Structure formats: structure tokens, C-alpha cells
Amino acid sequence: MPEARQHYFSSDPSVASSRRTVAVALPDLQFDLLADAGVFSSRQLDPGTRVLLENAPLPRVAGDILDLGCGYGPIALTFARRVRRRRVWAVDINSRALDLVRENAAAAKLGNVEARPPEDVPAEARFAAIYSNPPIRVGKSTLHTMLVSWLTRLVPDGSAYVVVQRNLGADSLTRWLNTEGFPTRRMLSQHGYRLLEVRPSADAPSPAARAE
């Protein structure tokens with residue numbers, strides 16, 4: 001199956017490995033990351049990811065950071081380097097992506113990165129900030145379930161920063177999040193992408209309550 005048709009959100013991609021290097025060049029830092037076929041945006045830094053990395057602020061409060069849908073790790077490693085004393089959880093269902101994050105973190109000498117599948121993140125973990133270029137193409141229902149399950153794990157004064165292509169439903173997602181009780185605003189619109197800031201819901205049930 002051609003890489004373009006291989007679902008990067010598969011837990012075990014069947015497409016043959018084809019490793020390559022992707023340059024991440026930002027105003028404040030630069031590094032080269034290993035990427036591979038079957039992993040999101042493996043040929044170049046995704047433009048939406050770039051919008052997020054160049055514009056999303058550092059966490060406003062103390063605590064761990066979550067990169068939700070980490071791919072080979074450009075978001076996780078960027079924030080791990082920007083705030084070296086924070087633990088950064090890089091979460092993805094794609095096992096090939098997680099292996100790449102571990103290799104990239106080791107090469108960058110970043111010991112504050114934890115690359116895990118969702119089920120291996122401790123239930124008690126809470127996050128000062130979530131950064132995500134989410135997998136919109138998984139479908140609305142799956143996306144909504146995924147976002148809510150992690151947004152409920154923000155600390156009270158934390159924020160999530162989510163980048164979504166305008167033509168793939170950024171504005172409808174903003175409306176839905178607000179309806180669900182997660183105050184959401186558009187921080188900026190750039191190159192066809194919306195960068196959203198999402199705040200915790202004041203009355204959202206805990207992750208444990210949602211599982212009951």
C-alpha cells in the first residue's frame with residue numbers, strides 16, 4: 001500500500017519501513033529528526049505543526065506536558081527542549097511513531113520525554129498544557145472522544161493548544177468544544193490553519209467518572 005494511503009493512526013503500520021530525516025527549523029531552535037513511512041508527515045514538518053510550534057505559548061502553570069498524537073515527535077521534542085525541567089508525555093497509538101520518538105529523544109539527549117501508548121499513561125497523570133495536531137481523519141466521533149478524554153486531565157489553570165486546518169472543520173470543532181463546556185478561542189489563523197486555545201471545563205467529570 002502506498003504511504004499516502006497508509007493510515008498513520010494504525011497501531012502497527014503495515015507499510016514497509018523507509019526511514020528518512022526531517023529538518024525542524026524554528027526561530028529558537030533546530031534539529032533533525034528520524035521519521036518513517038506509516039507515520040504522520042514523514043517527509044517534512046507538517047505545516048500545521050509548524051504553526052503550532054511557532055505560535056503556541058509555553059505552559060502558564062507548573063506541571064507535565066502532553067503531546068497528543070505525537071508522531072515521530074516534533075512537538076514533544078521541541079517543548080522538551082524549551083522547558084527541560086518539565087516531563088513531556090508523547091502519546092500515540094502508532095508503535096512505529098513511539099519508537100522514533102524514543103530514538104529522537106535519545107539522540108537529542110532529552111531525558112524528559114516519555115513516549116507511551118495511551119493506555120500506558122498513568123491514570124493519575126495531569127497536564128499543565130496539552131499540545132496537539134490531532135488526527136482529524138479518524139472521524140468526528142473518535143476525535144471528539146479522544147479530545148474530551150484528555151482535556152479532562154488538564155490541571156485547573158492549564159490550557160490545550162490544538163491546531164486544525166480550517167477546511168477540515170476547525171470552526172465546527174471550536175463550537176463543539178464550547179458546547180461541551182471547554183472554553184475555546186481561536187488564537188490565530190495562519191496558512192489555512194486555526195490555532196485554538198482550549199481551557200478546562202469547570203464541571204467536566206473526571207476521567208475515572210467517564211469510564212464508569
# chains A, B, ... in the order shown; residues from 1 in each chain; ligands from 1

call {"tool": "residues_around", "arguments": {"residues": "range 147-157 of chain A", "least_positions_apart": "5", "cutoff": "6 Å", "atoms": "only C-alpha atoms", "output": "NGL selection string"}}
result
:A and (126-128)

call {"tool": "write_last_selection", "arguments": {"atoms": "C-alpha atoms", "output": "compact mmCIF listing (two decimals), in the first residue's frame"}}
result
# COMPACT_ATOMS: atom_id res chain seq x y z
CA ARG A 126 -2.45 15.52 34.92
CA PHE A 127 -1.15 18.12 32.49
CA ALA A 128 -0.31 21.80 32.70

call {"tool": "closest_atom_pairs", "arguments": {"of": "range 111-210 of chain A", "to": "range 34-50 of chain A", "cutoff": "8 Å", "atoms": "only C-alpha atoms", "output": "JSON lines"}}
result
{"residue": "A:Asn133", "atom": "CA", "partner": "A:Thr49", "partner_atom": "CA", "distance": 6.2}
{"residue": "A:Val163", "atom": "CA", "partner": "A:Gly48", "partner_atom": "CA", "distance": 6.2}
{"residue": "A:Val164", "atom": "CA", "partner": "A:Gly48", "partner_atom": "CA", "distance": 7.0}
{"residue": "A:Gln165", "atom": "CA", "partner": "A:Gly48", "partner_atom": "CA", "distance": 7.1}
{"residue": "A:His191", "atom": "CA", "partner": "A:Pro47", "partner_atom": "CA", "distance": 8.0}
{"residue": "A:Tyr193", "atom": "CA", "partner": "A:Gly48", "partner_atom": "CA", "distance": 6.2}

call {"tool": "write_last_selection", "arguments": {"atoms": "N, CA and C atoms", "output": "compact mmCIF listing (two decimals), in the first residue's frame"}}
result
# COMPACT_ATOMS: atom_id res chain seq x y z
N ASN A 133 -1.63 18.37 17.22
CA ASN A 133 -2.09 18.45 15.84
C ASN A 133 -2.88 17.16 15.64
N VAL A 163 -4.10 22.63 16.84
CA VAL A 163 -4.07 23.21 15.51
C VAL A 163 -4.90 22.34 14.56
N VAL A 164 -5.79 22.98 13.82
CA VAL A 164 -6.69 22.26 12.91
C VAL A 164 -6.81 23.05 11.62
N GLN A 165 -6.76 22.35 10.51
CA GLN A 165 -6.92 23.01 9.22
C GLN A 165 -8.32 23.59 9.11
N HIS A 191 -1.93 30.44 7.32
CA HIS A 191 -1.66 29.43 6.28
C HIS A 191 -2.76 28.38 6.20
N TYR A 193 -4.68 27.34 8.66
CA TYR A 193 -4.84 26.61 9.92
C TYR A 193 -5.34 27.55 11.02

call {"tool": "atom_distance", "arguments": {"atom1": "CA of Ser17 in chain A", "atom2": "CA of Cys70 in chain A"}}
result
18.2 Å

call {"tool": "select_by_dssp", "arguments": {"residues": "range 6-138 of chain A", "states": "alpha helix (DSSP H)", "output": "MDAnalysis selection string"}}
result
chainID A and resid 47:55 74:82 95:107

call {"tool": "atom_distance", "arguments": {"atom1": "CA of Thr184 in chain A", "atom2": "CA of Pro200 in chain A"}}
result
9.2 Å

call {"tool": "residues_around", "arguments": {"residues": "Gly69 in chain A", "least_positions_apart": "5", "cutoff": "12 Å", "atoms": "only C-alpha atoms", "output": "ChimeraX atom specification"}}
result
/A:8-11,39-41,49,74-76,89-95,97-98,101,115-118,130-136,138,143,146-147,150,162-163

call {"tool": "write_last_selection", "arguments": {"atoms": "N, CA and C atoms", "output": "compact mmCIF listing (two decimals), in the first residue's frame"}}
result
# COMPACT_ATOMS: atom_id res chain seq x y z
N TYR A 8 -1.79 6.55 9.20
CA TYR A 8 -0.75 6.80 10.18
C TYR A 8 -1.24 6.60 11.60
N PHE A 9 -2.58 6.45 11.77
CA PHE A 9 -3.11 6.20 13.10
C PHE A 9 -3.34 4.72 13.34
N SER A 10 -2.74 3.84 12.52
CA SER A 10 -2.74 2.41 12.81
C SER A 10 -1.78 2.13 13.95
N SER A 11 -2.11 1.16 14.79
CA SER A 11 -1.22 0.85 15.90
C SER A 11 0.06 0.16 15.43
N VAL A 39 4.05 6.90 9.37
CA VAL A 39 3.98 7.85 10.46
C VAL A 39 3.60 9.20 9.87
N PHE A 40 2.80 9.96 10.60
CA PHE A 40 2.26 11.22 10.08
C PHE A 40 3.35 12.17 9.61
N SER A 41 3.16 12.72 8.40
CA SER A 41 4.02 13.75 7.83
C SER A 41 5.50 13.38 7.91
N THR A 49 1.68 21.68 12.15
CA THR A 49 2.59 21.53 13.29
C THR A 49 3.50 22.74 13.41
N PRO A 74 8.04 15.88 16.72
CA PRO A 74 8.48 17.27 16.62
C PRO A 74 7.92 18.18 17.72
N ILE A 75 6.66 17.97 18.11
CA ILE A 75 6.09 18.81 19.17
C ILE A 75 6.69 18.44 20.52
N ALA A 76 6.71 17.15 20.82
CA ALA A 76 7.23 16.71 22.12
C ALA A 76 8.67 17.14 22.32
N TRP A 89 5.00 14.04 28.00
CA TRP A 89 4.43 12.76 27.58
C TRP A 89 4.12 12.83 26.10
N ALA A 90 4.73 11.95 25.32
CA ALA A 90 4.48 11.84 23.88
C ALA A 90 3.58 10.63 23.67
N VAL A 91 2.34 10.87 23.27
CA VAL A 91 1.33 9.81 23.24
C VAL A 91 0.84 9.58 21.82
N ASP A 92 0.82 8.32 21.42
CA ASP A 92 0.33 7.95 20.09
C ASP A 92 -0.03 6.47 20.14
N ILE A 93 -0.98 6.05 19.29
CA ILE A 93 -1.28 4.62 19.22
C ILE A 93 -0.32 3.92 18.27
N ASN A 94 0.42 4.66 17.47
CA ASN A 94 1.29 4.12 16.43
C ASN A 94 2.63 3.70 17.06
N SER A 95 2.88 2.40 17.13
CA SER A 95 4.08 1.89 17.79
C SER A 95 5.35 2.31 17.06
N ALA A 97 5.76 5.13 15.49
CA ALA A 97 5.98 6.52 15.87
C ALA A 97 6.63 6.61 17.24
N LEU A 98 6.14 5.83 18.19
CA LEU A 98 6.70 5.88 19.54
C LEU A 98 8.16 5.46 19.58
N VAL A 101 10.14 8.43 18.44
CA VAL A 101 10.26 9.45 19.48
C VAL A 101 11.36 9.08 20.45
N ALA A 115 7.61 8.44 25.93
CA ALA A 115 6.82 8.05 24.76
C ALA A 115 6.00 6.82 25.12
N ARG A 116 4.69 6.97 25.11
CA ARG A 116 3.79 5.90 25.57
C ARG A 116 2.54 5.79 24.69
N PRO A 117 2.00 4.58 24.56
CA PRO A 117 0.63 4.48 24.02
C PRO A 117 -0.34 4.99 25.06
N PRO A 118 -1.54 5.38 24.67
CA PRO A 118 -2.49 5.99 25.62
C PRO A 118 -2.73 5.17 26.87
N ILE A 130 -1.46 20.84 27.07
CA ILE A 130 -1.57 19.83 26.02
C ILE A 130 -1.34 20.53 24.70
N TYR A 131 -0.50 19.94 23.87
CA TYR A 131 -0.24 20.44 22.51
C TYR A 131 -0.60 19.33 21.54
N SER A 132 -1.34 19.69 20.49
CA SER A 132 -1.79 18.63 19.58
C SER A 132 -2.10 19.13 18.19
N ASN A 133 -1.63 18.37 17.22
CA ASN A 133 -2.09 18.45 15.84
C ASN A 133 -2.88 17.16 15.64
N PRO A 134 -4.16 17.14 16.01
CA PRO A 134 -4.88 15.88 16.17
C PRO A 134 -5.20 15.21 14.84
N PRO A 135 -5.42 13.89 14.88
CA PRO A 135 -5.73 13.13 13.66
C PRO A 135 -7.18 13.33 13.24
N ILE A 136 -7.46 14.43 12.57
CA ILE A 136 -8.82 14.78 12.18
C ILE A 136 -9.49 13.66 11.37
N VAL A 138 -9.54 10.56 11.63
CA VAL A 138 -10.07 9.37 12.30
C VAL A 138 -11.59 9.39 12.34
N LEU A 143 -12.58 11.39 17.18
CA LEU A 143 -11.83 12.59 17.55
C LEU A 143 -12.41 13.24 18.80
N MET A 146 -11.62 11.21 21.90
CA MET A 146 -10.20 11.33 22.24
C MET A 146 -9.92 12.67 22.92
N LEU A 147 -10.40 13.75 22.34
CA LEU A 147 -10.13 15.07 22.89
C LEU A 147 -10.70 15.22 24.30
N TRP A 150 -8.81 13.44 27.16
CA TRP A 150 -7.54 14.04 27.59
C TRP A 150 -7.73 15.45 28.14
N VAL A 162 -4.43 23.45 20.21
CA VAL A 162 -4.79 22.49 19.16
C VAL A 162 -4.78 23.20 17.82
N VAL A 163 -4.10 22.63 16.84
CA VAL A 163 -4.07 23.21 15.51
C VAL A 163 -4.90 22.34 14.56

call {"tool": "atom_distance", "arguments": {"atom1": "CA of Thr179 in chain A", "atom2": "CA of Gly71 in chain A"}}
result
29.0 Å

call {"tool": "closest_residue", "arguments": {"among": "A:Arg199, A:Arg96, A:Arg84, A:Arg60", "to": "Val15 in chain A", "atoms": "only C-alpha atoms"}}
result
A:Arg96
